[in-house]
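For reference, input_0.txt (compact mmCIF, C-alpha atoms):
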```txt
# COMPACT_ATOMS: atom_id res chain seq x y z
CA MET Q 1059 5.59 -13.01 13.79
CA SER Q 1060 3.28 -16.01 13.66
CA GLU Q 1061 0.43 -13.96 15.12
CA PHE Q 1062 -0.24 -12.28 11.76
CA ASN Q 1063 -2.86 -13.52 9.30
CA ARG Q 1064 -1.31 -12.14 6.11
CA TYR Q 1065 1.90 -10.45 5.05
CA ALA Q 1066 2.66 -7.74 2.50
CA ILE Q 1067 5.57 -5.75 1.13
CA TYR Q 1068 4.78 -2.05 1.19
CA TYR Q 1069 6.38 1.26 0.59
CA ALA Q 1070 5.77 3.15 3.82
CA PRO Q 1071 7.31 6.57 4.38
CA GLU Q 1072 10.18 6.69 6.81
CA PRO Q 1073 9.64 8.78 9.97
CA GLY Q 1074 8.95 12.37 8.95
CA PRO Q 1075 6.23 14.72 7.72
CA LEU Q 1076 4.61 12.35 5.19
CA ALA Q 1077 4.44 9.50 7.70
CA GLU Q 1078 3.00 11.83 10.35
CA PHE Q 1079 0.40 13.25 7.97
CA GLY Q 1080 -0.64 9.80 6.79
CA ALA Q 1081 -0.96 8.34 10.27
CA ALA Q 1082 -3.13 11.23 11.44
CA TRP Q 1083 -5.24 11.41 8.28
CA LEU Q 1084 -5.99 7.67 8.29
CA GLY Q 1085 -6.13 7.37 12.07
CA TRP Q 1086 -3.67 4.46 12.08
CA ASP Q 1087 0.12 4.45 12.36
CA LEU Q 1088 1.48 1.63 10.21
CA GLN Q 1089 4.98 1.95 11.66
CA GLU Q 1090 3.94 1.83 15.32
CA GLY Q 1091 0.79 -0.27 14.95
CA CYS Q 1092 -1.45 2.08 16.91
CA GLY Q 1093 -4.37 4.46 16.48
CA VAL Q 1094 -3.81 8.19 15.94
CA THR Q 1095 -6.16 11.12 16.46
CA HIS Q 1096 -7.47 12.63 13.23
CA PRO Q 1097 -6.51 16.24 12.42
CA GLU Q 1098 -9.07 19.01 12.12
CA ILE Q 1099 -9.57 19.78 8.42
CA GLU Q 1100 -12.33 22.10 7.27
CA ASP Q 1101 -14.71 21.79 4.32
CA LEU Q 1102 -14.67 18.00 4.03
CA PRO Q 1103 -17.90 16.40 2.74
CA ARG Q 1104 -17.94 13.83 5.56
CA ALA Q 1105 -16.09 13.10 8.77
CA ILE Q 1106 -12.48 12.02 8.24
CA SER Q 1107 -13.26 8.75 10.02
CA ASP Q 1108 -15.84 7.97 7.33
CA LEU Q 1109 -13.72 9.07 4.38
CA THR Q 1110 -10.79 6.95 5.53
CA ALA Q 1111 -12.59 3.89 6.91
CA THR Q 1112 -11.56 1.58 4.06
CA PRO Q 1113 -7.82 2.35 3.83
CA ARG Q 1114 -7.34 2.79 7.59
CA LYS Q 1115 -6.59 -0.88 8.26
CA TYR Q 1116 -3.61 -0.77 5.90
CA GLY Q 1117 -2.02 2.47 7.10
CA LEU Q 1118 -0.39 4.95 4.72
CA HIS Q 1119 1.39 2.83 2.12
CA GLY Q 1120 1.96 2.03 -1.49
CA THR Q 1121 1.52 -1.66 -2.32
CA ILE Q 1122 4.59 -3.40 -3.71
CA LYS Q 1123 3.53 -7.00 -3.09
CA ALA Q 1124 -0.12 -7.35 -2.11
CA PRO Q 1125 -1.09 -9.22 1.10
CA ILE Q 1126 -0.54 -12.97 0.99
CA ARG Q 1127 -1.17 -15.93 3.23
CA LEU Q 1128 1.98 -17.98 3.72
CA ALA Q 1129 2.37 -21.18 1.77
CA GLU Q 1130 2.53 -24.42 3.74
CA GLY Q 1131 6.00 -25.03 5.09
CA ARG Q 1132 7.01 -21.36 4.91
CA SER Q 1133 7.60 -19.29 8.02
CA PRO Q 1134 7.39 -15.54 8.61
CA GLU Q 1135 11.06 -15.57 9.57
CA GLN Q 1136 11.96 -17.12 6.20
CA LEU Q 1137 9.89 -14.51 4.41
CA ALA Q 1138 11.59 -11.70 6.32
CA ASP Q 1139 15.04 -13.12 5.59
CA SER Q 1140 14.32 -13.44 1.86
CA ALA Q 1141 12.79 -9.96 1.69
CA ARG Q 1142 15.78 -8.50 3.52
CA ARG Q 1143 18.24 -10.06 1.08
CA LEU Q 1144 16.12 -9.16 -1.95
CA CYS Q 1145 15.86 -5.51 -0.93
CA ALA Q 1146 19.60 -5.32 -0.30
CA GLY Q 1147 20.12 -6.10 -3.98
CA LEU Q 1148 17.57 -3.61 -5.33
CA ALA Q 1149 18.40 0.03 -5.98
CA PRO Q 1150 16.49 2.93 -4.42
CA VAL Q 1151 14.02 4.64 -6.75
CA THR Q 1152 13.40 8.34 -7.37
CA THR Q 1153 10.46 9.68 -9.39
CA GLY Q 1154 8.91 13.05 -9.99
CA PRO Q 1155 6.85 14.65 -7.21
CA LEU Q 1156 3.68 13.10 -5.85
CA THR Q 1157 0.37 14.49 -7.09
CA LEU Q 1158 -3.08 14.26 -5.49
CA GLN Q 1159 -5.35 12.42 -7.93
CA CYS Q 1160 -8.74 10.76 -8.07
CA MET Q 1161 -8.34 7.11 -9.14
CA LYS Q 1162 -11.53 5.21 -9.94
CA GLY Q 1163 -13.46 6.96 -7.20
CA PHE Q 1164 -10.86 7.31 -4.46
CA LEU Q 1165 -8.12 9.86 -3.74
CA ALA Q 1166 -4.46 8.88 -3.79
CA LEU Q 1167 -0.99 10.35 -3.96
CA VAL Q 1168 0.54 9.26 -7.25
CA PRO Q 1169 4.14 9.76 -8.40
CA THR Q 1170 4.98 11.46 -11.69
CA GLY Q 1171 7.80 11.21 -14.21
CA ASP Q 1172 9.58 8.02 -15.28
CA LEU Q 1173 7.96 5.20 -13.32
CA GLY Q 1174 9.82 2.38 -15.06
CA PRO Q 1175 12.31 1.79 -12.21
CA LEU Q 1176 9.46 1.76 -9.67
CA SER Q 1177 7.53 -0.80 -11.71
CA ALA Q 1178 10.69 -2.89 -12.02
CA LEU Q 1179 11.19 -2.74 -8.25
CA ALA Q 1180 7.64 -3.96 -7.64
CA GLY Q 1181 7.97 -6.69 -10.25
CA ALA Q 1182 11.17 -7.96 -8.65
CA CYS Q 1183 9.43 -8.22 -5.28
CA VAL Q 1184 6.35 -9.93 -6.71
CA ALA Q 1185 8.43 -12.55 -8.52
CA GLY Q 1186 11.23 -12.85 -5.99
CA LEU Q 1187 8.93 -13.63 -3.07
CA ASP Q 1188 6.26 -15.61 -4.91
CA ALA Q 1189 7.38 -18.91 -3.42
CA PHE Q 1190 6.01 -17.73 -0.07
CA ARG Q 1191 2.49 -17.14 -1.40
CA ALA Q 1192 -0.28 -19.63 -0.68
CA ALA Q 1193 -2.62 -20.21 -3.62
CA PRO Q 1194 -5.72 -18.01 -3.42
CA THR Q 1195 -8.95 -19.61 -2.26
CA GLU Q 1196 -12.06 -19.64 -4.40
CA ASP Q 1197 -13.53 -16.89 -2.22
CA GLU Q 1198 -10.41 -14.76 -2.75
CA LEU Q 1199 -10.55 -15.30 -6.51
CA GLU Q 1200 -14.24 -14.39 -6.59
CA LYS Q 1201 -13.52 -11.21 -4.66
CA ARG Q 1202 -10.81 -10.19 -7.13
CA ARG Q 1203 -13.14 -10.81 -10.07
CA LYS Q 1204 -15.90 -8.55 -8.76
CA ALA Q 1205 -14.16 -5.77 -10.65
CA PRO Q 1206 -14.02 -6.63 -14.37
CA LEU Q 1207 -10.54 -7.90 -15.24
CA THR Q 1208 -8.79 -7.72 -18.57
CA PRO Q 1209 -7.31 -10.93 -20.05
CA ALA Q 1210 -3.86 -9.79 -18.91
CA GLN Q 1211 -5.14 -9.20 -15.38
CA GLU Q 1212 -6.76 -12.64 -15.36
CA ASP Q 1213 -3.38 -14.08 -16.35
CA ASN Q 1214 -1.73 -12.16 -13.52
CA LEU Q 1215 -4.31 -13.46 -11.07
CA ALA Q 1216 -3.64 -17.03 -12.16
CA ARG Q 1217 0.17 -16.64 -12.20
CA TRP Q 1218 0.83 -14.25 -9.32
CA GLY Q 1219 -2.34 -14.38 -7.22
CA TYR Q 1220 -3.12 -10.69 -7.82
CA PRO Q 1221 -4.33 -8.96 -10.99
CA TYR Q 1222 -2.60 -5.60 -10.72
CA VAL Q 1223 1.05 -6.55 -11.08
CA MET Q 1224 3.79 -6.42 -13.73
CA ASP Q 1225 2.50 -4.47 -16.76
CA ASP Q 1226 -0.75 -3.73 -14.90
CA PHE Q 1227 0.98 -2.29 -11.82
CA THR Q 1228 0.10 1.28 -10.86
CA PHE Q 1229 1.78 2.64 -7.75
CA HIS Q 1230 -0.42 4.81 -5.54
CA ILE Q 1231 -0.74 5.81 -1.89
CA THR Q 1232 -4.43 5.53 -1.03
CA LEU Q 1233 -5.99 8.29 1.08
CA THR Q 1234 -9.74 7.54 0.98
CA GLY Q 1235 -12.36 4.95 0.30
CA ARG Q 1236 -14.86 5.26 -2.54
CA LEU Q 1237 -16.27 8.75 -3.03
CA THR Q 1238 -18.89 10.30 -5.23
CA THR Q 1239 -17.63 12.76 -7.81
CA GLY Q 1240 -18.73 15.68 -5.65
CA GLU Q 1241 -17.16 14.22 -2.52
CA ALA Q 1242 -13.89 13.58 -4.35
CA GLU Q 1243 -13.74 17.17 -5.60
CA ARG Q 1244 -14.45 18.65 -2.16
CA THR Q 1245 -12.01 16.35 -0.38
CA LYS Q 1246 -9.29 17.02 -2.93
CA GLU Q 1247 -9.73 20.75 -2.55
CA ALA Q 1248 -9.65 20.49 1.25
CA LEU Q 1249 -6.48 18.39 1.19
CA GLU Q 1250 -4.45 20.34 -1.37
CA ASP Q 1251 -2.69 22.56 1.17
CA HIS Q 1252 -2.04 19.66 3.53
CA VAL Q 1253 -0.30 17.53 0.89
CA ALA Q 1254 1.46 20.44 -0.84
CA PRO Q 1255 4.79 19.80 0.95
CA PHE Q 1256 4.92 16.33 -0.64
CA THR Q 1257 4.20 17.58 -4.17
CA ARG Q 1258 7.11 20.01 -4.49
CA GLN Q 1259 10.10 17.69 -4.55
CA PRO Q 1260 11.09 14.35 -6.07
CA PHE Q 1261 9.60 11.26 -4.47
CA ARG Q 1262 12.20 8.77 -3.27
CA ILE Q 1263 11.83 5.18 -2.10
CA SER Q 1264 14.90 4.09 -0.16
CA SER Q 1265 13.33 1.29 1.89
CA LEU Q 1266 10.41 -1.13 1.94
CA VAL Q 1267 8.61 -2.71 4.86
CA LEU Q 1268 7.29 -6.15 5.66
CA ALA Q 1269 3.84 -5.57 7.13
CA GLY Q 1270 1.60 -8.06 8.87
CA GLU Q 1271 -2.17 -8.14 9.33
CA ASN Q 1272 -2.86 -8.51 13.04
CA PRO Q 1273 -5.76 -10.55 14.48
CA TRP Q 1274 -7.91 -7.37 14.52
CA GLY Q 1275 -7.50 -6.94 10.76
CA ARG Q 1276 -5.05 -4.02 10.77
CA PHE Q 1277 -1.59 -3.97 9.27
CA GLN Q 1278 1.55 -2.96 11.14
CA THR Q 1279 5.23 -2.85 10.28
CA ILE Q 1280 7.25 -5.92 11.20
CA GLU Q 1281 10.61 -4.85 9.73
CA ARG Q 1282 11.96 -2.13 7.45
CA PHE Q 1283 14.44 -3.14 4.75
CA PRO Q 1284 16.84 -0.55 3.26
CA LEU Q 1285 17.26 -0.78 -0.50
CA GLY Q 1286 20.66 -1.15 -2.09
CA ARG Q 1287 22.68 -2.29 0.90
CA GLY Q 1288 23.95 -5.36 -0.93
```

Here is the file; what I need is its structure written in the form of structure tokens.
Amino acid sequence: MSEFNRYAIYYAPEPGPLAEFGAAWLGWDLQEGCGVTHPEIEDLPRAISDLTATPRKYGLHGTIKAPIRLAEGRSPEQLADSARRLCAGLAPVTTGPLTLQCMKGFLALVPTGDLGPLSALAGACVAGLDAFRAAPTEDELEKRRKAPLTPAQEDNLARWGYPYVMDDFTFHITLTGRLTTGEAERTKEALEDHVAPFTRQPFRISSLVLAGENPWGRFQTIERFPLGRG
């Protein structure tokens, strides 16, 4: 596991239709760590490879604990062991169905209903694994501050190394990079039928994954941790 540059805790769909759709749409299989051929989808404003260029490196996922560099003296094996034990003590989460939404210029699948348990799950992972996080560099801090941050997000950045956690956490499964308003509308319309199977039933998270960023800058699953096995 030492070959990875950064590590993250993600929701990644277990093998099945959502995982297959996401791998093909993005062109990268997070679970297997390999490229996948894009599907043929009509009426898109640009080639799928262009629309998905930004999120491709991460694979289909919802961020629970954003990518970190390991703190000095911490090993990937220690991180995996702590994450495994933490997840065993956390309950699975069920929300309302996913919806396809435009979020600040990109498309994402977003859960509906009571999201309190999901936010609590993410908060437990952020806090419970924080000892493994190396302090952000000045370049990393500058990158985070390119988007205007609220005072609470600045506090999160200082305390947790990432602005969008705790009360500022919003779970989403990113499908595209930045789009114009027209591009977002056309892409959303073209994708509606393809994501419809995932918008008709409750969304359940029963496991999380430890993902690593390989030397080529793409993330792949290292280990999947079932929730609630403790």

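If only C-alpha atoms are the atoms counted, then among Q:Ala1081, Q:Asp1108, Q:Ala1146, Q:Thr1157 the closest residue to Thr1095 (chain Q) is Q:Ala1081.
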
| Separation of CA of Ile1126 (chain Q) from CA of Ser1177 (chain Q), in Å and rounded to one decimal |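 Between these atoms lies a distance of 19.4 Å.
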
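Among Q:Gly1163, Q:Gly1117, Q:Gly1171, Q:Pro1097, the residue with the shortest atom-to-atom distance to Ala1242 (chain Q), counting all atoms listed in the file, is Q:Gly1163.
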
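Rounded to one decimal, CA of Gly1235 (chain Q) and CA of Ala1193 (chain Q) lie 27.3 Å from each other.
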
| request: Could you please determine the separation between CA of Ala1070 (chain Q) and CA of Pro1221 (chain Q) in Å, to one decimal place? | output: 21.6 Å

| Got a sec: who's within 8 Å of Glu1281 (chain Q), counting only C-alpha atoms, leaving out chain neighbours fewer than 5 positions off, as number ranges by chain? | Q: 1138, 1267-1269

| Residue with smallest distance to Phe1190 (chain Q) - pool Q:Leu1118, Q:Ile1263, Q:Ala1141, Q:Ala1216, counting all atoms listed in the file |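 Nearest to Phe1190 (chain Q): Q:Ala1141.
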
| field | Q:Asp1087, Q:Glu1200, Q:Glu1247, Q:Glu1241 ranked by distance to His1119 (chain Q), top pick (using all atoms listed in the file) | value |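 Looking only at the distances to His1119 (chain Q), the closest residue turns out to be Q:Asp1087.
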
| Out of Q:Leu1179, Q:Ala1166, Q:Leu1137, Q:Ile1231, which residue has the shortest atom-to-atom distance to Pro1150 (chain Q) when counting all atoms listed in the file? |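 The answer is Q:Leu1179, which sits nearest to Pro1150 (chain Q).
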
| field | Selection near Leu1237 (chain Q), 12 Å with all atoms listed in the file, sequence-local residues under 3 positions removed, as a PyMOL selection string | value | chain Q and resi 1102-1104+1108-1112+1160-1166+1233-1234+1240-1246

| Exercise: residues within 9 Å of coordinate (0.1, -16.1, 12.4), counting all atoms listed in the file, as a list of chain:residue names |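 Collected hits near the coordinates: Q:Met1059, Q:Ser1060, Q:Glu1061, Q:Phe1062, Q:Asn1063, Q:Arg1064, Q:Pro1134, Q:Gly1270, Q:Glu1271, Q:Asn1272, Q:Pro1273.
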
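Remark: residues at most 12 Å from position (8.6, -2.3, -12.4) in file coordinates are Q:Ile1122, Q:Lys1123, Q:Leu1148, Q:Ala1149, Q:Val1151, Q:Asp1172, Q:Leu1173, Q:Gly1174, Q:Pro1175, Q:Leu1176, Q:Ser1177, Q:Ala1178, Q:Leu1179, Q:Ala1180, Q:Gly1181, Q:Ala1182, Q:Cys1183, Q:Val1184, Q:Ala1185, Q:Tyr1222, Q:Val1223, Q:Met1224, Q:Asp1225, Q:Asp1226, Q:Phe1227, Q:Thr1228, Q:Phe1229, using only C-alpha atoms.
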
Any chance you could build region 1207-1242 of chain Q out to N, CA and C atoms and write it as a PDB file, in the frame of the given file?
```pdb
ATOM      1  N   LEU Q1207     -11.970  -7.781 -14.980  1.00  0.00           N
ATOM      2  CA  LEU Q1207     -10.540  -7.900 -15.240  1.00  0.00           C
ATOM      3  C   LEU Q1207     -10.289  -8.082 -16.730  1.00  0.00           C
ATOM      4  N   THR Q1208      -9.210  -7.502 -17.195  1.00  0.00           N
ATOM      5  CA  THR Q1208      -8.790  -7.720 -18.570  1.00  0.00           C
ATOM      6  C   THR Q1208      -8.168  -9.113 -18.688  1.00  0.00           C
ATOM      7  N   PRO Q1209      -7.990  -9.634 -19.915  1.00  0.00           N
ATOM      8  CA  PRO Q1209      -7.310 -10.930 -20.050  1.00  0.00           C
ATOM      9  C   PRO Q1209      -5.932 -10.946 -19.407  1.00  0.00           C
ATOM     10  N   ALA Q1210      -5.188  -9.847 -19.530  1.00  0.00           N
ATOM     11  CA  ALA Q1210      -3.860  -9.790 -18.910  1.00  0.00           C
ATOM     12  C   ALA Q1210      -3.963  -9.841 -17.392  1.00  0.00           C
ATOM     13  N   GLN Q1211      -4.960  -9.173 -16.835  1.00  0.00           N
ATOM     14  CA  GLN Q1211      -5.140  -9.200 -15.380  1.00  0.00           C
ATOM     15  C   GLN Q1211      -5.591 -10.568 -14.904  1.00  0.00           C
ATOM     16  N   GLU Q1212      -6.393 -11.262 -15.703  1.00  0.00           N
ATOM     17  CA  GLU Q1212      -6.760 -12.640 -15.360  1.00  0.00           C
ATOM     18  C   GLU Q1212      -5.513 -13.531 -15.354  1.00  0.00           C
ATOM     19  N   ASP Q1213      -4.625 -13.313 -16.322  1.00  0.00           N
ATOM     20  CA  ASP Q1213      -3.380 -14.080 -16.350  1.00  0.00           C
ATOM     21  C   ASP Q1213      -2.533 -13.786 -15.119  1.00  0.00           C
ATOM     22  N   ASN Q1214      -2.482 -12.516 -14.730  1.00  0.00           N
ATOM     23  CA  ASN Q1214      -1.730 -12.160 -13.520  1.00  0.00           C
ATOM     24  C   ASN Q1214      -2.325 -12.830 -12.287  1.00  0.00           C
ATOM     25  N   LEU Q1215      -3.644 -12.838 -12.209  1.00  0.00           N
ATOM     26  CA  LEU Q1215      -4.310 -13.460 -11.070  1.00  0.00           C
ATOM     27  C   LEU Q1215      -3.970 -14.944 -10.991  1.00  0.00           C
ATOM     28  N   ALA Q1216      -3.955 -15.596 -12.139  1.00  0.00           N
ATOM     29  CA  ALA Q1216      -3.640 -17.030 -12.160  1.00  0.00           C
ATOM     30  C   ALA Q1216      -2.155 -17.276 -11.848  1.00  0.00           C
ATOM     31  N   ARG Q1217      -1.277 -16.418 -12.367  1.00  0.00           N
ATOM     32  CA  ARG Q1217       0.170 -16.640 -12.200  1.00  0.00           C
ATOM     33  C   ARG Q1217       0.701 -16.117 -10.882  1.00  0.00           C
ATOM     34  N   TRP Q1218       0.236 -14.914 -10.478  1.00  0.00           N
ATOM     35  CA  TRP Q1218       0.830 -14.250  -9.320  1.00  0.00           C
ATOM     36  C   TRP Q1218      -0.126 -14.070  -8.144  1.00  0.00           C
ATOM     37  N   GLY Q1219      -1.386 -14.485  -8.309  1.00  0.00           N
ATOM     38  CA  GLY Q1219      -2.340 -14.380  -7.220  1.00  0.00           C
ATOM     39  C   GLY Q1219      -2.937 -12.999  -7.022  1.00  0.00           C
ATOM     40  N   TYR Q1220      -2.630 -12.077  -7.941  1.00  0.00           N
ATOM     41  CA  TYR Q1220      -3.120 -10.690  -7.820  1.00  0.00           C
ATOM     42  C   TYR Q1220      -3.134 -10.102  -9.222  1.00  0.00           C
ATOM     43  N   PRO Q1221      -4.218  -9.416  -9.606  1.00  0.00           N
ATOM     44  CA  PRO Q1221      -4.330  -8.960 -10.990  1.00  0.00           C
ATOM     45  C   PRO Q1221      -3.487  -7.757 -11.368  1.00  0.00           C
ATOM     46  N   TYR Q1222      -3.181  -6.897 -10.384  1.00  0.00           N
ATOM     47  CA  TYR Q1222      -2.600  -5.600 -10.720  1.00  0.00           C
ATOM     48  C   TYR Q1222      -1.095  -5.581 -10.472  1.00  0.00           C
ATOM     49  N   VAL Q1223      -0.402  -6.442 -11.203  1.00  0.00           N
ATOM     50  CA  VAL Q1223       1.050  -6.550 -11.080  1.00  0.00           C
ATOM     51  C   VAL Q1223       1.683  -6.493 -12.471  1.00  0.00           C
ATOM     52  N   MET Q1224       3.008  -6.440 -12.497  1.00  0.00           N
ATOM     53  CA  MET Q1224       3.790  -6.420 -13.730  1.00  0.00           C
ATOM     54  C   MET Q1224       3.313  -5.289 -14.643  1.00  0.00           C
ATOM     55  N   ASP Q1225       2.897  -5.548 -15.851  1.00  0.00           N
ATOM     56  CA  ASP Q1225       2.500  -4.470 -16.760  1.00  0.00           C
ATOM     57  C   ASP Q1225       1.227  -3.761 -16.314  1.00  0.00           C
ATOM     58  N   ASP Q1226       0.475  -4.357 -15.396  1.00  0.00           N
ATOM     59  CA  ASP Q1226      -0.750  -3.730 -14.900  1.00  0.00           C
ATOM     60  C   ASP Q1226      -0.561  -3.081 -13.531  1.00  0.00           C
ATOM     61  N   PHE Q1227       0.688  -2.910 -13.113  1.00  0.00           N
ATOM     62  CA  PHE Q1227       0.980  -2.290 -11.820  1.00  0.00           C
ATOM     63  C   PHE Q1227       0.878  -0.771 -11.919  1.00  0.00           C
ATOM     64  N   THR Q1228       0.184  -0.171 -10.981  1.00  0.00           N
ATOM     65  CA  THR Q1228       0.100   1.280 -10.860  1.00  0.00           C
ATOM     66  C   THR Q1228       0.339   1.648  -9.410  1.00  0.00           C
ATOM     67  N   PHE Q1229       1.461   2.280  -9.127  1.00  0.00           N
ATOM     68  CA  PHE Q1229       1.780   2.640  -7.750  1.00  0.00           C
ATOM     69  C   PHE Q1229       0.922   3.810  -7.307  1.00  0.00           C
ATOM     70  N   HIS Q1230       0.356   3.712  -6.114  1.00  0.00           N
ATOM     71  CA  HIS Q1230      -0.420   4.810  -5.540  1.00  0.00           C
ATOM     72  C   HIS Q1230      -0.471   4.659  -4.035  1.00  0.00           C
ATOM     73  N   ILE Q1231      -0.639   5.782  -3.346  1.00  0.00           N
ATOM     74  CA  ILE Q1231      -0.740   5.810  -1.890  1.00  0.00           C
ATOM     75  C   ILE Q1231      -2.165   6.240  -1.566  1.00  0.00           C
ATOM     76  N   THR Q1232      -3.000   5.294  -1.190  1.00  0.00           N
ATOM     77  CA  THR Q1232      -4.430   5.530  -1.030  1.00  0.00           C
ATOM     78  C   THR Q1232      -4.728   6.399   0.190  1.00  0.00           C
ATOM     79  N   LEU Q1233      -5.611   7.379  -0.005  1.00  0.00           N
ATOM     80  CA  LEU Q1233      -5.990   8.290   1.080  1.00  0.00           C
ATOM     81  C   LEU Q1233      -7.449   8.155   1.508  1.00  0.00           C
ATOM     82  N   THR Q1234      -8.321   7.648   0.644  1.00  0.00           N
ATOM     83  CA  THR Q1234      -9.740   7.540   0.980  1.00  0.00           C
ATOM     84  C   THR Q1234     -10.334   6.256   0.453  1.00  0.00           C
ATOM     85  N   GLY Q1235     -11.545   5.982   0.916  1.00  0.00           N
ATOM     86  CA  GLY Q1235     -12.360   4.950   0.300  1.00  0.00           C
ATOM     87  C   GLY Q1235     -13.092   5.529  -0.895  1.00  0.00           C
ATOM     88  N   ARG Q1236     -14.101   4.812  -1.376  1.00  0.00           N
ATOM     89  CA  ARG Q1236     -14.860   5.260  -2.540  1.00  0.00           C
ATOM     90  C   ARG Q1236     -15.628   6.536  -2.227  1.00  0.00           C
ATOM     91  N   LEU Q1237     -15.592   7.466  -3.171  1.00  0.00           N
ATOM     92  CA  LEU Q1237     -16.270   8.750  -3.030  1.00  0.00           C
ATOM     93  C   LEU Q1237     -17.115   9.022  -4.250  1.00  0.00           C
ATOM     94  N   THR Q1238     -18.171   9.791  -4.065  1.00  0.00           N
ATOM     95  CA  THR Q1238     -18.890  10.300  -5.230  1.00  0.00           C
ATOM     96  C   THR Q1238     -18.022  11.353  -5.901  1.00  0.00           C
ATOM     97  N   THR Q1239     -18.405  11.746  -7.110  1.00  0.00           N
ATOM     98  CA  THR Q1239     -17.630  12.760  -7.810  1.00  0.00           C
ATOM     99  C   THR Q1239     -17.567  14.050  -7.006  1.00  0.00           C
ATOM    100  N   GLY Q1240     -18.701  14.463  -6.453  1.00  0.00           N
ATOM    101  CA  GLY Q1240     -18.730  15.680  -5.650  1.00  0.00           C
ATOM    102  C   GLY Q1240     -17.891  15.570  -4.403  1.00  0.00           C
ATOM    103  N   GLU Q1241     -17.958  14.422  -3.727  1.00  0.00           N
ATOM    104  CA  GLU Q1241     -17.160  14.220  -2.520  1.00  0.00           C
ATOM    105  C   GLU Q1241     -15.668  14.231  -2.843  1.00  0.00           C
ATOM    106  N   ALA Q1242     -15.301  13.622  -3.960  1.00  0.00           N
ATOM    107  CA  ALA Q1242     -13.890  13.580  -4.350  1.00  0.00           C
ATOM    108  C   ALA Q1242     -13.369  14.991  -4.618  1.00  0.00           C
TER     109      ALA Q1242
END
```
